[in-house]
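Colleague: Got a file for you: structure-v9.txt, compact mmCIF, C-alpha atoms.
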# COMPACT_ATOMS: atom_id res chain seq x y z
CA MET F 1 185.22 98.98 84.38
CA SER F 2 187.32 101.06 86.70
CA SER F 3 186.74 103.81 89.20
CA ASN F 4 188.38 107.22 89.23
CA CYS F 5 190.06 109.19 91.98
CA PRO F 6 190.46 113.01 92.10
CA GLU F 7 194.14 113.00 91.23
CA SER F 8 193.77 110.51 88.36
CA ASP F 9 193.23 113.21 85.75
CA ALA F 10 196.90 114.08 85.84
CA THR F 11 199.44 112.11 83.84
CA ASP F 12 203.16 111.76 84.31
CA THR F 13 204.01 113.66 81.15
CA GLY F 14 204.21 117.02 82.91
CA ALA F 15 201.88 118.59 80.34
CA PRO F 16 198.64 120.23 81.52
CA PRO F 17 195.63 117.88 81.18
CA SER F 18 193.94 120.26 78.74
CA GLU F 19 196.96 120.13 76.39
CA HIS F 20 197.11 116.33 76.68
CA TRP F 21 193.44 115.85 75.78
CA SER F 22 193.67 118.48 73.03
CA SER F 23 196.53 116.56 71.46
CA VAL F 24 194.65 113.27 71.76
CA SER F 25 191.52 114.79 70.25
CA LYS F 26 193.39 116.20 67.27
CA HIS F 27 195.08 112.84 66.63
CA VAL F 28 191.82 110.90 66.84
CA VAL F 29 189.93 113.38 64.65
CA ASN F 30 192.70 113.36 62.05
CA SER F 31 192.65 109.54 62.01
CA TYR F 32 188.91 109.52 61.51
CA VAL F 33 189.13 112.07 58.70
CA GLU F 34 191.82 110.07 56.90
CA ALA F 35 189.81 106.84 57.24
CA ASN F 36 186.67 108.59 56.05
CA ASN F 37 188.43 110.04 53.00
CA ALA F 38 189.64 106.53 52.12
CA LEU F 39 186.09 105.21 52.46
CA LEU F 40 184.68 107.92 50.22
CA ALA F 41 187.41 107.30 47.64
CA ALA F 42 186.50 103.62 47.57
CA MET F 43 182.88 104.62 46.96
CA GLY F 44 183.88 106.79 44.01
CA PHE F 45 183.86 110.17 45.76
CA SER F 46 186.90 112.40 46.04
CA ARG F 47 187.84 115.44 48.07
CA SER F 48 187.62 118.76 46.28
CA SER F 49 191.04 120.10 45.35
CA ASP F 50 189.88 123.57 46.42
CA ASP F 51 188.97 122.36 49.90
CA ALA F 52 192.22 122.08 51.85
CA SER F 53 190.39 121.16 55.05
CA GLY F 54 189.14 117.86 53.61
CA THR F 55 185.50 118.69 54.33
CA VAL F 56 183.09 116.71 52.18
CA THR F 57 180.63 119.01 50.45
CA ALA F 58 176.96 118.21 49.92
CA ALA F 59 177.60 117.58 46.21
CA GLN F 60 180.25 114.99 47.05
CA ARG F 61 178.20 112.96 49.54
CA PRO F 62 176.47 109.76 48.42
CA GLU F 63 172.79 110.54 47.93
CA THR F 64 171.73 107.46 49.87
CA VAL F 65 173.72 108.41 52.99
CA ASP F 66 172.61 110.97 55.55
CA PRO F 67 175.09 113.91 55.56
CA SER F 68 176.03 113.37 59.20
CA VAL F 69 176.88 109.71 58.56
CA THR F 70 179.72 110.60 56.20
CA GLU F 71 181.61 112.09 59.15
CA VAL F 72 182.01 108.63 60.72
CA ALA F 73 184.82 106.23 59.80
CA PHE F 74 183.13 102.96 58.87
CA GLY F 75 186.21 100.81 58.95
CA ASP F 76 189.96 100.45 59.10
CA GLU F 77 192.38 98.26 57.17
CA SER F 78 193.51 96.61 60.43
CA TRP F 79 189.96 95.48 61.24
CA LEU F 80 188.83 92.01 60.16
CA MET F 81 185.35 90.51 60.01
CA GLU F 82 184.11 86.98 59.42
CA ARG F 83 180.50 85.80 59.53
CA SER F 84 178.74 82.54 58.83
CA THR F 85 176.00 84.00 56.63
CA ASP F 86 175.31 87.17 54.69
CA SER F 87 171.56 86.51 54.59
CA TYR F 88 169.24 87.91 57.25
CA GLU F 89 166.55 85.39 56.29
CA ASP F 90 168.93 82.47 56.98
CA LEU F 91 169.93 83.48 60.53
CA ALA F 92 169.69 80.48 62.86
CA VAL F 93 171.32 78.79 65.83
CA GLY F 94 175.03 78.37 65.17
CA ASP F 95 175.42 81.48 63.03
CA TYR F 96 178.18 83.79 64.20
CA VAL F 97 180.18 86.94 63.57
CA ARG F 98 183.85 87.45 64.46
CA PHE F 99 185.37 90.93 64.62
CA THR F 100 189.10 91.53 65.07
CA LYS F 101 190.94 94.78 65.81
CA PRO F 102 194.02 95.98 67.71
CA ILE F 103 193.46 97.95 70.91
CA GLU F 104 195.70 100.91 70.19
CA GLU F 105 197.10 103.74 72.30
CA THR F 106 194.76 106.17 70.53
CA ASP F 107 191.77 103.95 71.39
CA VAL F 108 192.62 104.04 75.10
CA SER F 109 193.22 107.79 75.17
CA ALA F 110 190.07 108.57 73.21
CA PHE F 111 187.96 106.22 75.35
CA ALA F 112 189.27 107.86 78.53
CA GLN F 113 188.27 111.27 77.21
CA VAL F 114 184.86 110.24 75.87
CA SER F 115 183.86 108.13 78.88
CA GLY F 116 185.53 110.23 81.58
CA ASP F 117 187.33 107.14 82.93
CA THR F 118 190.79 108.60 83.51
CA ASN F 119 191.98 105.93 85.93
CA ARG F 120 195.79 106.12 85.92
CA LEU F 121 195.95 102.34 85.50
CA HIS F 122 195.09 102.99 81.86
CA LEU F 123 196.96 106.27 81.30
CA ALA F 124 200.04 106.61 83.52
CA GLU F 125 202.80 104.04 83.01
CA SER F 126 204.76 104.83 86.20
CA PHE F 127 201.59 104.37 88.27
CA ALA F 128 200.48 101.21 86.44
CA GLU F 129 203.91 99.60 86.88
CA GLN F 130 203.31 99.57 90.65
CA THR F 131 200.06 97.60 90.32
CA GLN F 132 199.50 93.85 90.02
CA PHE F 133 199.42 94.26 86.22
CA GLY F 134 202.97 95.61 85.97
CA GLY F 135 201.99 98.19 83.37
CA ARG F 136 199.12 99.96 81.64
CA ILE F 137 196.12 97.97 80.45
CA ALA F 138 193.12 98.83 78.30
CA HIS F 139 189.77 99.69 79.86
CA GLY F 140 187.65 96.58 80.27
CA THR F 141 184.61 98.26 78.74
CA LEU F 142 186.69 99.42 75.78
CA VAL F 143 187.69 95.82 75.05
CA ALA F 144 184.10 94.67 75.58
CA GLY F 145 183.07 97.22 72.98
CA THR F 146 184.40 94.88 70.32
CA ILE F 147 181.44 92.61 71.13
CA SER F 148 179.09 95.43 70.16
CA ALA F 149 181.15 95.91 67.00
CA ALA F 150 180.71 92.23 66.13
CA LEU F 151 176.96 92.35 66.79
CA ALA F 152 176.63 95.32 64.44
CA ARG F 153 178.00 93.13 61.64
CA PHE F 154 175.22 90.55 61.67
CA PRO F 155 173.10 90.83 58.52
CA GLY F 156 170.17 93.07 59.37
CA LEU F 157 169.79 95.72 62.09
CA THR F 158 170.96 94.61 65.55
CA ILE F 159 169.63 96.20 68.75
CA TYR F 160 171.02 95.40 72.21
CA LEU F 161 168.57 94.29 74.93
CA SER F 162 171.04 93.02 77.52
CA GLN F 163 174.67 91.95 77.99
CA ASP F 164 176.31 89.96 80.78
CA LEU F 165 180.12 90.02 81.02
CA GLU F 166 182.82 88.21 82.98
CA PHE F 167 186.32 89.69 82.80
CA HIS F 168 188.99 86.98 83.03
CA SER F 169 192.24 88.69 82.04
CA PRO F 170 193.50 92.20 81.22
CA VAL F 171 194.36 93.31 77.70
CA GLU F 172 197.62 95.16 77.18
CA ILE F 173 197.66 98.22 74.98
CA GLY F 174 198.67 97.20 71.46
CA GLU F 175 197.18 93.70 71.69
CA THR F 176 194.84 92.47 68.97
CA VAL F 177 191.57 90.94 70.13
CA THR F 178 188.76 89.03 68.44
CA ALA F 179 185.14 89.26 69.56
CA THR F 180 182.90 86.33 68.64
CA CYS F 181 179.10 86.43 68.86
CA GLU F 182 177.27 83.16 68.18
CA ILE F 183 173.53 82.60 68.19
CA VAL F 184 172.67 79.88 70.71
CA GLU F 185 168.89 80.29 70.89
CA VAL F 186 166.14 81.83 68.78
CA LEU F 187 163.74 83.41 71.28
CA GLY F 188 161.12 84.45 68.75
CA ASP F 189 159.81 87.86 67.67
CA THR F 190 163.25 88.67 66.13
CA ARG F 191 164.98 88.14 69.50
CA TYR F 192 168.10 86.00 69.89
CA ARG F 193 170.33 84.82 72.72
CA LEU F 194 174.05 84.80 71.91
CA HIS F 195 177.25 83.55 73.48
CA THR F 196 179.77 86.43 73.39
CA THR F 197 183.52 86.19 73.93
CA VAL F 198 186.66 88.24 73.41
CA GLU F 199 189.97 86.45 72.83
CA THR F 200 193.56 87.56 72.35
CA ALA F 201 195.69 86.55 69.36
CA ASP F 202 196.91 83.62 71.52
CA GLU F 203 193.27 82.45 71.82
CA GLU F 204 193.10 83.33 75.51
CA THR F 205 189.56 84.24 76.53
CA VAL F 206 189.67 87.60 78.27
CA ILE F 207 185.91 88.28 78.33
CA ASP F 208 183.03 85.81 78.39
CA GLY F 209 179.33 86.52 78.46
CA GLU F 210 175.86 86.36 77.00
CA ALA F 211 173.76 88.88 75.10
CA ILE F 212 170.09 89.19 74.22
CA VAL F 213 169.50 91.15 71.03
CA VAL F 214 166.88 91.97 68.48
CA ILE F 215 167.93 91.47 64.86
CA LYS F 216 165.55 92.98 62.34
CA ALA F 217 165.63 93.25 58.58
CA GLN F 218 167.42 96.36 57.33
CA PRO F 219 164.97 99.30 56.91
Is it possible to express this structure as structure tokens?
Modeller:
Amino acid sequence: MSSNCPESDATDTGAPPSEHWSSVSKHVVNSYVEANNALLAAMGFSRSSDDASGTVTAAQRPETVDPSVTEVAFGDESWLMERSTDSYEDLAVGDYVRFTKPIEETDVSAFAQVSGDTNRLHLAESFAEQTQFGGRIAHGTLVAGTISAALARFPGLTIYLSQDLEFHSPVEIGETVTATCEIVEVLGDTRYRLHTTVETADEETVIDGEAIVVIKAQP
């Protein structure tokens, strides 16, 4: 939730921006590949010993998963999820999902590259130290993304219709946050109104809001 200025693409590292983003991209891609290999191993699939690149061949992919889906990391050992029900048919007022993850350096760098939000408040420590925050903070929309992650973990297929957000406090890079989405009203026709929050490990509410979603049975 921040604006960009022309000079904000430069960092204080002295390295050309292209080299910085290239390094970030390689790190993020490698992390995703490692997480994906762990997921496939847990599902009973292994990487071919003849394939040094780690690419999953068509024969190794689960038959029930679209080939492109296997390229996405579905989870991480540092992520936690809690929900009140595992049954789509039982969804009602009071049901909730909580999703917890750390907001890491790699998250901030990757989000800046993907979104184009290269505000130095998030990327350049010497600049951020001169602001009211006294140091770098995570993008507000990156932190709010954990709400979407929580919504995706309701039983069934969740589709966003709207989201209102109020940002109360910044989140420092490295902090762990928990997004909670609780159904507060059943609107009918598979639509629900939810109270959505993001809290720090100290239970400080950093984001508060409301979402309207559709939750359908899994296809």
Colleague: What is the CA of Thr141 (chain F)-CA of Glu210 (chain F) distance in Å, reported with one decimal?
Modeller: 14.9 Å
Colleague: Restricting the calculation to all atoms listed in the file, which member of F:Ile159, F:Ala124, F:Val206, F:Ile215 is positioned closest to Ile183 (chain F)?
Modeller: F:Ile215
Colleague: Excluding Glu199 (chain F) and its own-chain neighbours fewer than 6 positions away, which residues fall within 10 Å of it when counting only C-alpha atoms? Please give them as a VMD selection string.
Modeller: chain F and resid 100 143 169 171 176 to 180 205 to 208
Colleague: Between F:Val93, F:Leu187, F:Val198, F:Leu123, single out the one closest to Gly145 (chain F), counting all atoms listed in the file.
Modeller: F:Val198
Colleague: Please measure the separation of CA of Ala201 (chain F) and CA of Ser84 (chain F), giving the value in Å to one decimal.
Modeller: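 Distance between the two atoms: 20.4 Å.
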Colleague: Hey, can you check how far CA of Ala150 (chain F) sits from CA of Gly209 (chain F)?
Modeller: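 CA of Gly209 (chain F) lies at a distance of 13.7 Å from CA of Ala150 (chain F).
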Colleague: Of the candidates F:Ala211, F:Leu165, F:Ala217, F:Val97, which shows the shortest atom-to-atom distance to Leu80 (chain F), using all atoms listed in the file?
Modeller: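 Looking at the shortest contact to Leu80 (chain F), the residue is F:Val97.
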Colleague: Looking at all atoms listed in the file, which of F:Arg120, F:Arg83, F:His168, F:His139 is the one that sits closest to Asp107 (chain F)?
Modeller: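 Distance minimum relative to Asp107 (chain F) lands on F:His139.
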Colleague: Counting all atoms listed in the file, find residues at most 12 Å from (165.1, 84.4, 59.1) (file frame) and give them as number ranges by chain.
Modeller: F: 85-93, 95, 155-156, 186, 188-192, 215-217
Colleague: Go ahead and save the residues from that selection, with C-alpha atoms, as a short mmCIF file (atom, residue, chain, number, x, y, z; two decimals), keeping the file's coordinate frame.
Modeller:
data_model
loop_
_atom_site.label_atom_id
_atom_site.label_comp_id
_atom_site.auth_asym_id
_atom_site.auth_seq_id
_atom_site.Cartn_x
_atom_site.Cartn_y
_atom_site.Cartn_z
CA THR F 85 176.00 84.00 56.63
CA ASP F 86 175.31 87.17 54.69
CA SER F 87 171.56 86.51 54.59
CA TYR F 88 169.24 87.91 57.25
CA GLU F 89 166.55 85.39 56.29
CA ASP F 90 168.93 82.47 56.98
CA LEU F 91 169.93 83.48 60.53
CA ALA F 92 169.69 80.48 62.86
CA VAL F 93 171.32 78.79 65.83
CA ASP F 95 175.42 81.48 63.03
CA PRO F 155 173.10 90.83 58.52
CA GLY F 156 170.17 93.07 59.37
CA VAL F 186 166.14 81.83 68.78
CA GLY F 188 161.12 84.45 68.75
CA ASP F 189 159.81 87.86 67.67
CA THR F 190 163.25 88.67 66.13
CA ARG F 191 164.98 88.14 69.50
CA TYR F 192 168.10 86.00 69.89
CA ILE F 215 167.93 91.47 64.86
CA LYS F 216 165.55 92.98 62.34
CA ALA F 217 165.63 93.25 58.58
#
Colleague: Residues at most 10 Å from Glu172 (chain F), counting only C-alpha atoms, excluding those fewer than 4 positions away in the same chain, as a count of residues only?
Modeller: 12
Colleague: Nearest to Trp79 (chain F): which of F:Ala110, F:Gly134, F:Thr146, F:Ala128 is it, counting only C-alpha atoms?
Modeller: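 Looking at the shortest contact to Trp79 (chain F), the residue is F:Thr146.
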Colleague: Enclose region 210-214 of chain F, meaning all of its atoms listed in the file, in a box aligned along x, y and z, pad it by 8 Å on each side, and list the centre and edge lengths in Å to one decimal, as lines of an AutoDock Vina configuration file.
Modeller:
center_x = 171.4
center_y = 89.2
center_z = 72.7
size_x = 25.0
size_y = 21.6
size_z = 24.5
Colleague: As a short mmCIF file (atom, residue, chain, number, x, y, z; two decimals), in the frame of the given file, could you write out region 75-96 of chain F once it has been completed with N, CA, C and O atoms?
Modeller:
data_model
loop_
_atom_site.label_atom_id
_atom_site.label_comp_id
_atom_site.auth_asym_id
_atom_site.auth_seq_id
_atom_site.Cartn_x
_atom_site.Cartn_y
_atom_site.Cartn_z
N GLY F 75 185.32 101.94 58.82
CA GLY F 75 186.21 100.81 58.95
C GLY F 75 187.66 101.21 58.89
O GLY F 75 188.00 102.38 58.70
N ASP F 76 188.53 100.23 59.08
CA ASP F 76 189.96 100.45 59.10
C ASP F 76 190.61 99.22 58.51
O ASP F 76 190.11 98.11 58.68
N GLU F 77 191.73 99.39 57.84
CA GLU F 77 192.38 98.26 57.17
C GLU F 77 192.87 97.21 58.15
O GLU F 77 193.09 96.05 57.78
N SER F 78 193.05 97.58 59.43
CA SER F 78 193.51 96.61 60.43
C SER F 78 192.36 95.84 61.06
O SER F 78 192.58 94.95 61.87
N TRP F 79 191.12 96.18 60.72
CA TRP F 79 189.96 95.48 61.24
C TRP F 79 189.61 94.32 60.32
O TRP F 79 189.66 94.43 59.10
N LEU F 80 189.22 93.19 60.92
CA LEU F 80 188.83 92.01 60.16
C LEU F 80 187.45 91.54 60.62
O LEU F 80 187.11 91.65 61.80
N MET F 81 186.67 91.02 59.68
CA MET F 81 185.35 90.51 60.01
C MET F 81 185.10 89.20 59.29
O MET F 81 185.45 89.04 58.12
N GLU F 82 184.51 88.26 60.01
CA GLU F 82 184.11 86.98 59.42
C GLU F 82 182.72 86.66 59.94
O GLU F 82 182.43 86.84 61.13
N ARG F 83 181.82 86.22 59.06
CA ARG F 83 180.50 85.80 59.53
C ARG F 83 180.03 84.59 58.75
O ARG F 83 180.43 84.36 57.60
N SER F 84 179.16 83.83 59.40
CA SER F 84 178.74 82.54 58.83
C SER F 84 177.72 82.69 57.71
O SER F 84 177.59 81.79 56.87
N THR F 85 176.99 83.79 57.69
CA THR F 85 176.00 84.00 56.63
C THR F 85 175.86 85.48 56.34
O THR F 85 176.02 86.32 57.24
N ASP F 86 175.57 85.79 55.10
CA ASP F 86 175.31 87.17 54.69
C ASP F 86 173.81 87.42 54.52
O ASP F 86 173.41 88.52 54.15
N SER F 87 173.00 86.41 54.81
CA SER F 87 171.56 86.51 54.59
C SER F 87 170.81 86.64 55.90
O SER F 87 170.90 85.77 56.78
N TYR F 88 170.05 87.71 56.05
CA TYR F 88 169.24 87.91 57.25
C TYR F 88 168.21 86.80 57.39
O TYR F 88 167.96 86.29 58.48
N GLU F 89 167.61 86.40 56.27
CA GLU F 89 166.55 85.39 56.29
C GLU F 89 167.07 84.03 56.76
O GLU F 89 166.29 83.20 57.26
N ASP F 90 168.38 83.78 56.63
CA ASP F 90 168.93 82.47 56.98
C ASP F 90 169.48 82.40 58.40
O ASP F 90 170.01 81.36 58.82
N LEU F 91 169.39 83.48 59.17
CA LEU F 91 169.93 83.48 60.53
C LEU F 91 169.30 82.37 61.37
O LEU F 91 168.08 82.21 61.40
N ALA F 92 170.17 81.60 62.05
CA ALA F 92 169.69 80.48 62.86
C ALA F 92 170.73 80.16 63.93
O ALA F 92 171.82 80.75 63.97
N VAL F 93 170.39 79.24 64.80
CA VAL F 93 171.32 78.79 65.83
C VAL F 93 172.61 78.31 65.17
O VAL F 93 172.58 77.55 64.19
N GLY F 94 173.73 78.74 65.71
CA GLY F 94 175.03 78.37 65.17
C GLY F 94 175.66 79.44 64.30
O GLY F 94 176.88 79.42 64.08
N ASP F 95 174.85 80.39 63.82
CA ASP F 95 175.42 81.48 63.03
C ASP F 95 176.22 82.41 63.94
O ASP F 95 175.88 82.61 65.11
N TYR F 96 177.27 82.99 63.38
CA TYR F 96 178.18 83.79 64.20
C TYR F 96 178.78 84.94 63.40
O TYR F 96 178.74 84.95 62.16
#
